[in-house]
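Structure file protein_9.pdb with PDB, C-alpha atoms:
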```pdb
ATOM      1  CA  MET A 209     -13.547  12.011   0.414
ATOM      2  CA  PRO A 210     -10.495  14.258  -0.153
ATOM      3  CA  SER A 211     -11.236  17.966  -0.251
ATOM      4  CA  GLN A 212      -9.407  21.089  -1.381
ATOM      5  CA  ILE A 213      -9.588  22.486   2.170
ATOM      6  CA  GLY A 214      -8.065  19.324   3.599
ATOM      7  CA  SER A 215      -5.295  19.382   0.987
ATOM      8  CA  ARG A 216      -4.537  23.022   1.780
ATOM      9  CA  MET A 217      -4.298  22.275   5.510
ATOM     10  CA  ALA A 218      -1.969  19.348   4.834
ATOM     11  CA  PHE A 219       0.256  21.621   2.745
ATOM     12  CA  GLN A 220       0.359  24.282   5.455
ATOM     13  CA  ASN A 221       1.127  21.710   8.152
ATOM     14  CA  ALA A 222       3.954  20.225   6.107
ATOM     15  CA  SER A 223       6.262  23.220   6.456
ATOM     16  CA  ASN A 224       5.821  23.257  10.244
ATOM     17  CA  ALA A 225       6.380  19.499  10.457
ATOM     18  CA  VAL A 226       9.629  19.781   8.491
ATOM     19  CA  LYS A 227      10.859  22.495  10.884
ATOM     20  CA  ARG A 228       9.961  20.378  13.931
ATOM     21  CA  ALA A 229      12.022  17.559  12.435
ATOM     22  CA  GLY A 230      15.085  19.825  12.510
ATOM     23  CA  LEU A 231      15.198  20.375   8.738
ATOM     24  CA  ASN A 232      15.308  23.652   6.843
ATOM     25  CA  PRO A 233      12.281  24.186   4.568
ATOM     26  CA  GLY A 234      13.519  27.625   3.431
ATOM     27  CA  ASN A 235      14.586  26.558  -0.057
ATOM     28  CA  ALA A 236      12.375  23.493  -0.256
ATOM     29  CA  VAL A 237       9.988  22.691  -3.077
ATOM     30  CA  LEU A 238       6.792  21.401  -1.462
ATOM     31  CA  SER A 239       4.454  19.316  -3.589
ATOM     32  CA  GLN A 240       1.850  16.599  -3.204
ATOM     33  CA  SER A 241       3.379  13.173  -3.687
ATOM     34  CA  TYR A 242       3.457   9.635  -2.352
ATOM     35  CA  LEU A 243       5.751   6.834  -1.271
ATOM     36  CA  ARG A 244       5.049   3.230  -2.206
ATOM     37  CA  MET A 245       6.882   0.347  -0.578
ATOM     38  CA  GLU A 246       6.283  -3.328  -1.335
ATOM     39  CA  VAL A 247       7.416  -6.561   0.283
ATOM     40  CA  PRO A 248       6.890 -10.154  -0.908
ATOM     41  CA  LEU A 249       4.818 -12.285   1.452
ATOM     42  CA  ALA A 250       6.175 -15.582   2.726
ATOM     43  CA  VAL A 251       4.497 -18.560   4.344
ATOM     44  CA  SER A 252       4.673 -18.425   8.172
ATOM     45  CA  ALA A 253       6.666 -15.163   8.215
ATOM     46  CA  THR A 254       5.632 -12.940  11.128
ATOM     47  CA  SER A 255       7.719  -9.840  10.354
ATOM     48  CA  TYR A 256       8.299  -7.783   7.214
ATOM     49  CA  LYS A 257      10.629  -4.830   6.680
ATOM     50  CA  PHE A 258      10.017  -2.341   3.866
ATOM     51  CA  ASP A 259      12.567  -0.467   1.768
ATOM     52  CA  VAL A 260      11.968   3.265   2.343
ATOM     53  CA  LEU A 261      14.989   4.930   0.693
ATOM     54  CA  VAL A 262      16.149   4.690  -2.915
ATOM     55  CA  ASN A 263      19.445   3.074  -1.880
ATOM     56  CA  GLU A 264      17.737   0.222  -0.011
ATOM     57  CA  SER A 265      16.977  -3.086  -1.720
ATOM     58  CA  ILE A 266      16.212  -5.593   1.012
ATOM     59  CA  ASN A 267      13.230  -6.841  -0.973
ATOM     60  CA  GLY A 268      14.924  -6.906  -4.356
ATOM     61  CA  SER A 269      13.994  -4.926  -7.446
ATOM     62  CA  ILE A 270      10.265  -4.081  -7.550
ATOM     63  CA  ASN A 271       9.492  -1.639 -10.343
ATOM     64  CA  THR A 272       6.186  -0.370  -8.937
ATOM     65  CA  GLN A 273       7.782   1.132  -5.839
ATOM     66  CA  GLN A 274       8.246   4.863  -5.208
ATOM     67  CA  LYS A 275      10.960   5.322  -2.612
ATOM     68  CA  LEU A 276      12.381   8.449  -0.970
ATOM     69  CA  ASN A 277      15.438  10.242  -2.335
ATOM     70  CA  LEU A 278      18.231  10.828   0.158
ATOM     71  CA  GLN A 279      18.097  14.631  -0.198
ATOM     72  CA  ASP A 280      14.329  14.839   0.395
ATOM     73  CA  ALA A 281      11.878  14.531   3.276
ATOM     74  CA  PHE A 282       8.293  13.395   3.195
ATOM     75  CA  VAL A 283       5.437  14.551   5.433
ATOM     76  CA  VAL A 284       2.894  11.735   5.761
ATOM     77  CA  ASN A 285      -0.800  12.523   6.180
ATOM     78  CA  GLN A 286      -2.339   9.247   4.946
ATOM     79  CA  ILE A 287      -1.238   5.617   5.121
ATOM     80  CA  GLY A 288      -2.679   2.698   3.198
ATOM     81  CA  PHE A 289      -1.904  -1.021   3.356
ATOM     82  CA  PHE A 290      -2.930  -3.314   0.521
ATOM     83  CA  LEU A 291      -2.570  -6.840  -0.766
ATOM     84  CA  ALA A 292      -1.361  -7.498  -4.302
ATOM     85  CA  VAL A 293      -0.999 -10.578  -6.487
ATOM     86  CA  PRO A 294       1.062  -9.664  -9.570
ATOM     87  CA  THR A 295       1.715 -12.322 -12.188
ATOM     88  CA  GLY A 296       5.465 -11.883 -11.752
ATOM     89  CA  THR A 297       8.253  -9.519 -10.731
ATOM     90  CA  THR A 298       7.843  -7.239 -13.759
ATOM     91  CA  ASP A 299       4.024  -7.080 -13.810
ATOM     92  CA  THR A 300       2.642  -3.517 -13.563
ATOM     93  CA  THR A 301      -1.001  -4.268 -14.377
ATOM     94  CA  PHE A 302      -2.076  -5.761 -11.053
ATOM     95  CA  ARG A 303      -4.655  -4.089  -8.836
ATOM     96  CA  LEU A 304      -4.288  -3.305  -5.159
ATOM     97  CA  LEU A 305      -6.725  -5.195  -2.939
ATOM     98  CA  THR A 306      -8.216  -4.117   0.373
ATOM     99  CA  TYR A 307      -9.029  -7.698   1.378
ATOM    100  CA  PRO A 308      -8.012 -11.189   0.180
ATOM    101  CA  ALA A 309     -10.634 -11.690  -2.531
ATOM    102  CA  ILE A 310     -11.560 -15.247  -3.430
ATOM    103  CA  GLY A 311     -11.819 -15.805  -7.161
ATOM    104  CA  THR A 312     -10.034 -16.682 -10.381
ATOM    105  CA  THR A 313      -8.568 -14.780 -13.299
ATOM    106  CA  SER A 314     -10.846 -13.467 -16.006
ATOM    107  CA  SER A 315      -8.928 -11.850 -18.861
ATOM    108  CA  LEU A 316     -12.214 -10.659 -20.344
ATOM    109  CA  ILE A 317     -12.817  -7.983 -17.703
ATOM    110  CA  GLY A 318      -9.328  -7.702 -16.236
ATOM    111  CA  THR A 319      -9.989  -9.272 -12.854
ATOM    112  CA  PRO A 320      -6.619  -9.706 -11.107
ATOM    113  CA  PRO A 321      -5.401 -13.123  -9.968
ATOM    114  CA  THR A 322      -6.866 -13.664  -6.513
ATOM    115  CA  TYR A 323      -6.952 -16.153  -3.676
ATOM    116  CA  THR A 324      -8.192 -19.660  -3.159
ATOM    117  CA  LEU A 325     -10.371 -20.153  -0.089
ATOM    118  CA  ALA A 326      -7.457 -21.574   1.904
ATOM    119  CA  GLN A 327      -5.141 -18.722   0.872
ATOM    120  CA  ALA A 328      -7.749 -16.076   1.695
ATOM    121  CA  VAL A 329      -8.405 -17.477   5.167
ATOM    122  CA  ALA A 330      -4.675 -17.685   5.911
ATOM    123  CA  THR A 331      -3.892 -14.220   4.507
ATOM    124  CA  ASN A 332      -6.404 -12.655   6.894
ATOM    125  CA  SER A 333      -3.793 -13.174   9.635
ATOM    126  CA  ILE A 334      -2.019 -10.102   8.254
ATOM    127  CA  TYR A 335      -4.858  -7.907   9.531
ATOM    128  CA  GLN A 336      -4.035  -9.039  13.074
ATOM    129  CA  GLY A 337      -0.653  -7.358  12.688
ATOM    130  CA  ALA A 338       0.670  -3.882  13.385
ATOM    131  CA  MET A 339       3.082  -1.451  11.774
ATOM    132  CA  GLN A 340       5.925   0.252  13.606
ATOM    133  CA  LEU A 341       7.925   3.177  12.244
ATOM    134  CA  THR A 342      11.259   4.312  13.657
ATOM    135  CA  VAL A 343      13.003   7.400  12.267
ATOM    136  CA  ASN A 344      16.578   8.156  13.332
ATOM    137  CA  GLN A 345      16.297   5.580  16.167
ATOM    138  CA  ARG A 346      13.176   7.296  17.510
ATOM    139  CA  THR A 347       9.937   5.335  17.363
ATOM    140  CA  VAL A 348       7.315   7.671  15.929
ATOM    141  CA  ILE A 349       4.615   4.991  15.515
ATOM    142  CA  THR A 350       4.636   2.244  18.107
ATOM    143  CA  ALA A 351       1.652   0.154  16.983
ATOM    144  CA  TRP A 352      -0.486   1.012  13.943
ATOM    145  CA  ASP A 353      -3.026  -1.778  13.573
ATOM    146  CA  LEU A 354      -3.535  -3.099  10.051
ATOM    147  CA  TYR A 355      -7.153  -3.989  10.758
ATOM    148  CA  ARG A 356      -8.101  -0.359  10.054
ATOM    149  CA  HIS A 357      -7.104  -0.968   6.413
ATOM    150  CA  LEU A 358      -9.369  -3.962   5.890
ATOM    151  CA  PHE A 359     -12.173  -2.930   3.543
ATOM    152  CA  ILE A 360     -14.622  -5.436   2.058
ATOM    153  CA  PRO A 361     -16.922  -3.587  -0.360
ATOM    154  CA  PRO A 362     -20.629  -4.340  -0.750
ATOM    155  CA  VAL A 363     -19.985  -5.426  -4.348
ATOM    156  CA  GLN A 364     -17.362  -8.158  -4.371
ATOM    157  CA  MET A 365     -15.766 -10.547  -6.783
ATOM    158  CA  ASN A 366     -18.138 -13.400  -7.538
ATOM    159  CA  THR A 367     -16.560 -16.797  -6.895
ATOM    160  CA  GLY A 368     -18.994 -18.459  -9.278
ATOM    161  CA  LEU A 369     -18.221 -18.208 -13.002
ATOM    162  CA  VAL A 370     -20.819 -17.539 -15.683
ATOM    163  CA  THR A 371     -20.770 -17.297 -19.462
ATOM    164  CA  THR A 372     -20.014 -13.966 -21.098
ATOM    165  CA  ALA A 373     -23.434 -14.053 -22.728
ATOM    166  CA  ALA A 374     -24.989 -13.559 -19.309
ATOM    167  CA  PHE A 375     -23.414 -10.157 -18.761
ATOM    168  CA  VAL A 376     -22.068  -8.880 -22.071
ATOM    169  CA  SER A 377     -24.494  -9.565 -24.905
ATOM    170  CA  PRO A 378     -26.550 -12.451 -26.281
ATOM    171  CA  GLY A 379     -24.510 -14.787 -28.409
ATOM    172  CA  ALA A 380     -21.176 -13.537 -27.083
ATOM    173  CA  GLY A 381     -19.916 -17.067 -26.627
ATOM    174  CA  THR A 382     -19.224 -19.358 -23.734
ATOM    175  CA  THR A 383     -16.037 -17.895 -22.275
ATOM    176  CA  THR A 384     -16.332 -17.845 -18.498
ATOM    177  CA  GLY A 385     -15.719 -14.845 -16.270
ATOM    178  CA  HIS A 386     -16.927 -12.866 -13.264
ATOM    179  CA  PRO A 387     -20.363 -11.229 -13.614
ATOM    180  CA  PHE A 388     -19.101  -8.225 -11.647
ATOM    181  CA  ASP A 389     -15.980  -6.942  -9.969
ATOM    182  CA  ASP A 390     -15.254  -4.972  -6.782
ATOM    183  CA  ASN A 391     -16.264  -1.335  -6.654
ATOM    184  CA  VAL A 392     -13.075   0.688  -6.176
ATOM    185  CA  ASN A 393     -12.335   4.179  -4.890
ATOM    186  CA  GLY A 394      -8.588   4.751  -5.016
ATOM    187  CA  ALA A 395      -8.915   8.071  -3.172
ATOM    188  CA  ASP A 396     -10.360   6.535  -0.015
ATOM    189  CA  PHE A 397     -10.526   2.750   0.223
ATOM    190  CA  GLY A 398      -7.750   1.297   2.362
ATOM    191  CA  PHE A 399      -6.320   4.647   3.508
ATOM    192  CA  TYR A 400      -6.306   6.102   7.010
ATOM    193  CA  PRO A 401      -5.218   9.633   8.061
ATOM    194  CA  THR A 402      -2.205  10.257  10.288
ATOM    195  CA  GLU A 403      -2.412  12.885  12.992
ATOM    196  CA  PRO A 404      -0.007  14.278  13.983
ATOM    197  CA  ASN A 405       1.785  14.170  10.658
ATOM    198  CA  ILE A 406       4.923  12.053  10.394
ATOM    199  CA  VAL A 407       8.175  13.162   8.763
ATOM    200  CA  VAL A 408      10.323  10.586   6.989
ATOM    201  CA  ALA A 409      13.800  11.947   6.170
ATOM    202  CA  GLY A 410      16.056  10.746   3.391
ATOM    203  CA  ASN A 411      19.260  11.335   5.362
ATOM    204  CA  LYS A 412      18.109   9.321   8.378
ATOM    205  CA  LYS A 413      17.559   5.666   9.125
ATOM    206  CA  ASN A 414      13.897   4.766   8.634
ATOM    207  CA  ASP A 415      12.703   1.383   9.868
ATOM    208  CA  LEU A 416       9.206   0.515   8.629
ATOM    209  CA  THR A 417       8.154  -2.941   9.793
ATOM    210  CA  VAL A 418       4.952  -4.950  10.058
ATOM    211  CA  SER A 419       4.668  -7.706  12.652
ATOM    212  CA  MET A 420       1.868 -10.162  13.390
ATOM    213  CA  PRO A 421       1.306 -12.853  16.036
ATOM    214  CA  VAL A 422       1.143 -15.695  13.485
ATOM    215  CA  GLY A 423       2.230 -15.670   9.864
ATOM    216  CA  PRO A 424      -0.057 -16.870   7.049
ATOM    217  CA  SER A 425      -0.003 -20.643   6.608
ATOM    218  CA  ALA A 426      -0.704 -20.256   2.862
ATOM    219  CA  ILE A 427      -0.218 -17.416   0.394
ATOM    220  CA  ALA A 428      -1.029 -16.758  -3.251
ATOM    221  CA  THR A 429       1.893 -17.073  -5.657
ATOM    222  CA  ASN A 430       3.835 -13.786  -6.042
ATOM    223  CA  SER A 431       1.643 -12.061  -3.441
ATOM    224  CA  ARG A 432       2.861  -8.869  -1.764
ATOM    225  CA  LEU A 433       2.013  -6.480   1.027
ATOM    226  CA  VAL A 434       2.005  -2.888  -0.217
ATOM    227  CA  CYS A 435       2.302   0.264   1.906
ATOM    228  CA  ILE A 436       1.407   3.632   0.363
ATOM    229  CA  MET A 437       2.033   6.909   2.156
ATOM    230  CA  ARG A 438       0.394  10.053   0.785
ATOM    231  CA  GLY A 439       1.409  13.565   1.740
ATOM    232  CA  ILE A 440       3.793  16.405   0.951
ATOM    233  CA  LEU A 441       7.242  15.905  -0.522
ATOM    234  CA  ALA A 442       9.866  18.427   0.592
ATOM    235  CA  GLN A 443      12.679  18.367  -1.946
ATOM    236  CA  ASN A 444      16.307  19.223  -1.158
ATOM    237  CA  VAL A 445      15.914  19.787   2.594
ATOM    238  CA  THR A 446      18.216  17.097   3.973
ATOM    239  CA  PRO A 447      22.009  17.544   3.972
ATOM    240  CA  ILE A 448      23.863  14.575   2.450
ATOM    241  CA  ASN A 449      27.358  13.919   3.799
TER     242      ASN A 449
END
```
Here is a file; write its structure as structure tokens.
Amino acid sequence: MPSQIGSRMAFQNASNAVKRAGLNPGNAVLSQSYLRMEVPLAVSATSYKFDVLVNESINGSINTQQKLNLQDAFVVNQIGFFLAVPTGTTDTTFRLLTYPAIGTTSSLIGTPPTYTLAQAVATNSIYQGAMQLTVNQRTVITAWDLYRHLFIPPVQMNTGLVTTAAFVSPGAGTTTGHPFDDNVNGADFGFYPTEPNIVVAGNKKNDLTVSMPVGPSAIATNSRLVCIMRGILAQNVTPIN
């Protein structure tokens, strides 16, 4: 559970971390923020590289990303990895998943498109992988296991469908849907703290990759792997040539 004391400590540590990275925080505007990078999943692929900076587009145009400006730096104190199954490239209504949930779409309660049994089993191979982060040709994270981001809540999507009358009101009709959905806590679920804090700089080369021993043999259509970094944004601290 995030706390005001923890947020204050993260803010105080950010200035020191920026100095250690060789940047000048003197005129910087420090504020809480986040980075969000997304990469499409592919059958059998064992390595994925994320776009970190605003001028990078390896993975094409994804409008739900939040990338780093070249003149800014970002001090990371939490990292989250999530699965996502948008309906298409312009969809912004999809939910982030902390495990490959088996189920089907129910427009009645807004359940996101999810995985068949075969897709869910295959997608679990991602949690055998690890993230590596290299900043300015220096590896700052050598092996961050993705298994720490796997969270299967006690209340899950029900794979069996029932009529709306069973969970809405008598006589509501016979439209089918899930009797309940996952419980979600966007502040905590799927995130893990980083210590020491990591500095990602907009004027440096940042290689964020995820590798796994074996790629998924089946994936859901349009599925993605999403990385979210939470922390302190330091604006206008990096010189741009």
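Residues matched by the PyMOL selection byres ((chain A and resi 329) around 12) in this file are Tyr307, Pro308, Ala309, Ile310, Tyr323, Thr324, Leu325, Ala326, Gln327, Ala328, Ala330, Thr331, Asn332, Ser333, Ile334, Tyr335, Gly423, Pro424, Ser425, Ala426, Ile427 and Ala428 of chain A.
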Next, dump the selected residues to file, keeping only C-alpha atoms, as an mmCIF file, in the coordinates of the input.
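Wrote out_10.cif, looks like this:
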```
data_model
loop_
_atom_site.group_PDB
_atom_site.id
_atom_site.type_symbol
_atom_site.label_atom_id
_atom_site.label_comp_id
_atom_site.auth_asym_id
_atom_site.auth_seq_id
_atom_site.Cartn_x
_atom_site.Cartn_y
_atom_site.Cartn_z
ATOM 1 C CA TYR A 307 -9.029 -7.698 1.378
ATOM 2 C CA PRO A 308 -8.012 -11.189 0.180
ATOM 3 C CA ALA A 309 -10.634 -11.690 -2.531
ATOM 4 C CA ILE A 310 -11.560 -15.247 -3.430
ATOM 5 C CA TYR A 323 -6.952 -16.153 -3.676
ATOM 6 C CA THR A 324 -8.192 -19.660 -3.159
ATOM 7 C CA LEU A 325 -10.371 -20.153 -0.089
ATOM 8 C CA ALA A 326 -7.457 -21.574 1.904
ATOM 9 C CA GLN A 327 -5.141 -18.722 0.872
ATOM 10 C CA ALA A 328 -7.749 -16.076 1.695
ATOM 11 C CA ALA A 330 -4.675 -17.685 5.911
ATOM 12 C CA THR A 331 -3.892 -14.220 4.507
ATOM 13 C CA ASN A 332 -6.404 -12.655 6.894
ATOM 14 C CA SER A 333 -3.793 -13.174 9.635
ATOM 15 C CA ILE A 334 -2.019 -10.102 8.254
ATOM 16 C CA TYR A 335 -4.858 -7.907 9.531
ATOM 17 C CA GLY A 423 2.230 -15.670 9.864
ATOM 18 C CA PRO A 424 -0.057 -16.870 7.049
ATOM 19 C CA SER A 425 -0.003 -20.643 6.608
ATOM 20 C CA ALA A 426 -0.704 -20.256 2.862
ATOM 21 C CA ILE A 427 -0.218 -17.416 0.394
ATOM 22 C CA ALA A 428 -1.029 -16.758 -3.251
#
```
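The shell of residues at most 9 Å from Thr417 (chain A), with all atoms listed in the file counted and near chain neighbours (fewer than 3 positions) removed, consists of Ser255, Tyr256, Lys257, Phe258, Ala338, Met339, Gln340, Leu341 and Thr342 of chain A.
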Open item on the list: Considering only C-alpha atoms, can you say which of A:Ser419, A:Thr306, A:Gln274, A:Thr295 comes closest to Gly394 (chain A)?
Closed with: A:Thr306
TODO: Between A:Asn444, A:Gln279, A:Thr254, A:Asn393, single out the one closest to Gln336 (chain A), counting only C-alpha atoms.
DONE: A:Thr254
Open item on the list: Translate the PyMOL selection byres ((chain A and resi 305) around 10) into a concrete residue list for this structure, as a list in words.
Closed with: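 When the PyMOL selection byres ((chain A and resi 305) around 10) is applied to the shown file, the picked residues are Phe289, Phe290, Leu291, Ala292, Val293, Phe302, Arg303, Leu304, Thr306, Tyr307, Pro308, Ala309, Pro320, Thr322, Leu358, Phe359, Ile360, Asp390, Val392, Phe397, Gly398, Leu433 and Val434 of chain A.
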Open item on the list: Please determine, counting only C-alpha atoms, which residue among A:Gly288, A:Gly296, A:Gly337, A:Pro421 has the shortest atom-to-atom distance to Cys435 (chain A).
Closed with: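 Among the listed residues, the smallest separation from Cys435 (chain A) belongs to A:Gly288.
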Open item on the list: For a test of reading the model, state the distance in Å between CA of Ala442 (chain A) and CA of Gln345 (chain A), rounded to one decimal.
Closed with: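 CA of Gln345 (chain A) lies at a distance of 21.2 Å from CA of Ala442 (chain A).
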Task: Nearest-residue call for Thr272 (chain A), choices A:Leu243, A:Met437, A:Ala409, A:Val237, using all atoms listed in the file - done: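 Residue with the minimum atom-to-atom distance to Thr272 (chain A): A:Leu243.
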- [ ] Mind giving me the straight-line distance from CA of Pro401 (chain A) to CA of Leu238 (chain A) in Å, one decimal?
- [x]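 Interatomic distance, CA of Pro401 (chain A) to CA of Leu238 (chain A): 19.3 Å.
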Open item on the list: Counting only C-alpha atoms, which residue out of A:Val445, A:Val251, A:Val343, A:Met245 sits closest to Thr429 (chain A)?
Closed with: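 Nearest candidate to Thr429 (chain A) out of A:Val445, A:Val251, A:Val343, A:Met245: A:Val251.
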TODO: Kindly give the distance, in Å, that separates CA of Gly439 (chain A) and CA of Asn414 (chain A), rounded to a single decimal.
DONE: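 Rounded to one decimal, the two atoms are 16.8 Å apart.
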Open item on the list: My list of candidates is A:Asn267, A:Thr446, A:Gln240, A:Ile287. Which is closest to Asn411 (chain A) when distances are computed with all atoms listed in the file?
Closed with: A:Thr446
Open item on the list: With 9 Å as the threshold, what does the neighbourhood of (-6.0, 14.3, 11.0) contain in terms of residues, counting all atoms listed in the file? Coordinates are those of the file; answer as a list of chain:residue names.
Closed with: A:Ala218, A:Asn285, A:Gln286, A:Pro401, A:Thr402, A:Glu403, A:Pro404, A:Asn405
- [ ] Could you state which residues are captured by the PyMOL selection byres ((chain A and resi 278) around 12) in this file, as a list in words?
- [x]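 That selection, the PyMOL selection byres ((chain A and resi 278) around 12), comes back as Val260, Leu261, Val262, Asn263, Glu264, Lys275, Leu276, Asn277, Gln279, Asp280, Ala281, Phe282, Val408, Ala409, Gly410, Asn411, Lys412, Lys413, Asn414, Ala442, Gln443, Asn444, Val445, Thr446, Pro447, Ile448 and Asn449 of chain A.
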Just-selected residues, C-alpha atoms written as a compact mmCIF listing (two decimals), in the coordinates of the input:
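Final output, part_24.txt:
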```txt
# COMPACT_ATOMS: atom_id res chain seq x y z
CA VAL A 260 11.97 3.26 2.34
CA LEU A 261 14.99 4.93 0.69
CA VAL A 262 16.15 4.69 -2.92
CA ASN A 263 19.44 3.07 -1.88
CA GLU A 264 17.74 0.22 -0.01
CA LYS A 275 10.96 5.32 -2.61
CA LEU A 276 12.38 8.45 -0.97
CA ASN A 277 15.44 10.24 -2.34
CA GLN A 279 18.10 14.63 -0.20
CA ASP A 280 14.33 14.84 0.40
CA ALA A 281 11.88 14.53 3.28
CA PHE A 282 8.29 13.40 3.20
CA VAL A 408 10.32 10.59 6.99
CA ALA A 409 13.80 11.95 6.17
CA GLY A 410 16.06 10.75 3.39
CA ASN A 411 19.26 11.34 5.36
CA LYS A 412 18.11 9.32 8.38
CA LYS A 413 17.56 5.67 9.12
CA ASN A 414 13.90 4.77 8.63
CA ALA A 442 9.87 18.43 0.59
CA GLN A 443 12.68 18.37 -1.95
CA ASN A 444 16.31 19.22 -1.16
CA VAL A 445 15.91 19.79 2.59
CA THR A 446 18.22 17.10 3.97
CA PRO A 447 22.01 17.54 3.97
CA ILE A 448 23.86 14.58 2.45
CA ASN A 449 27.36 13.92 3.80
```
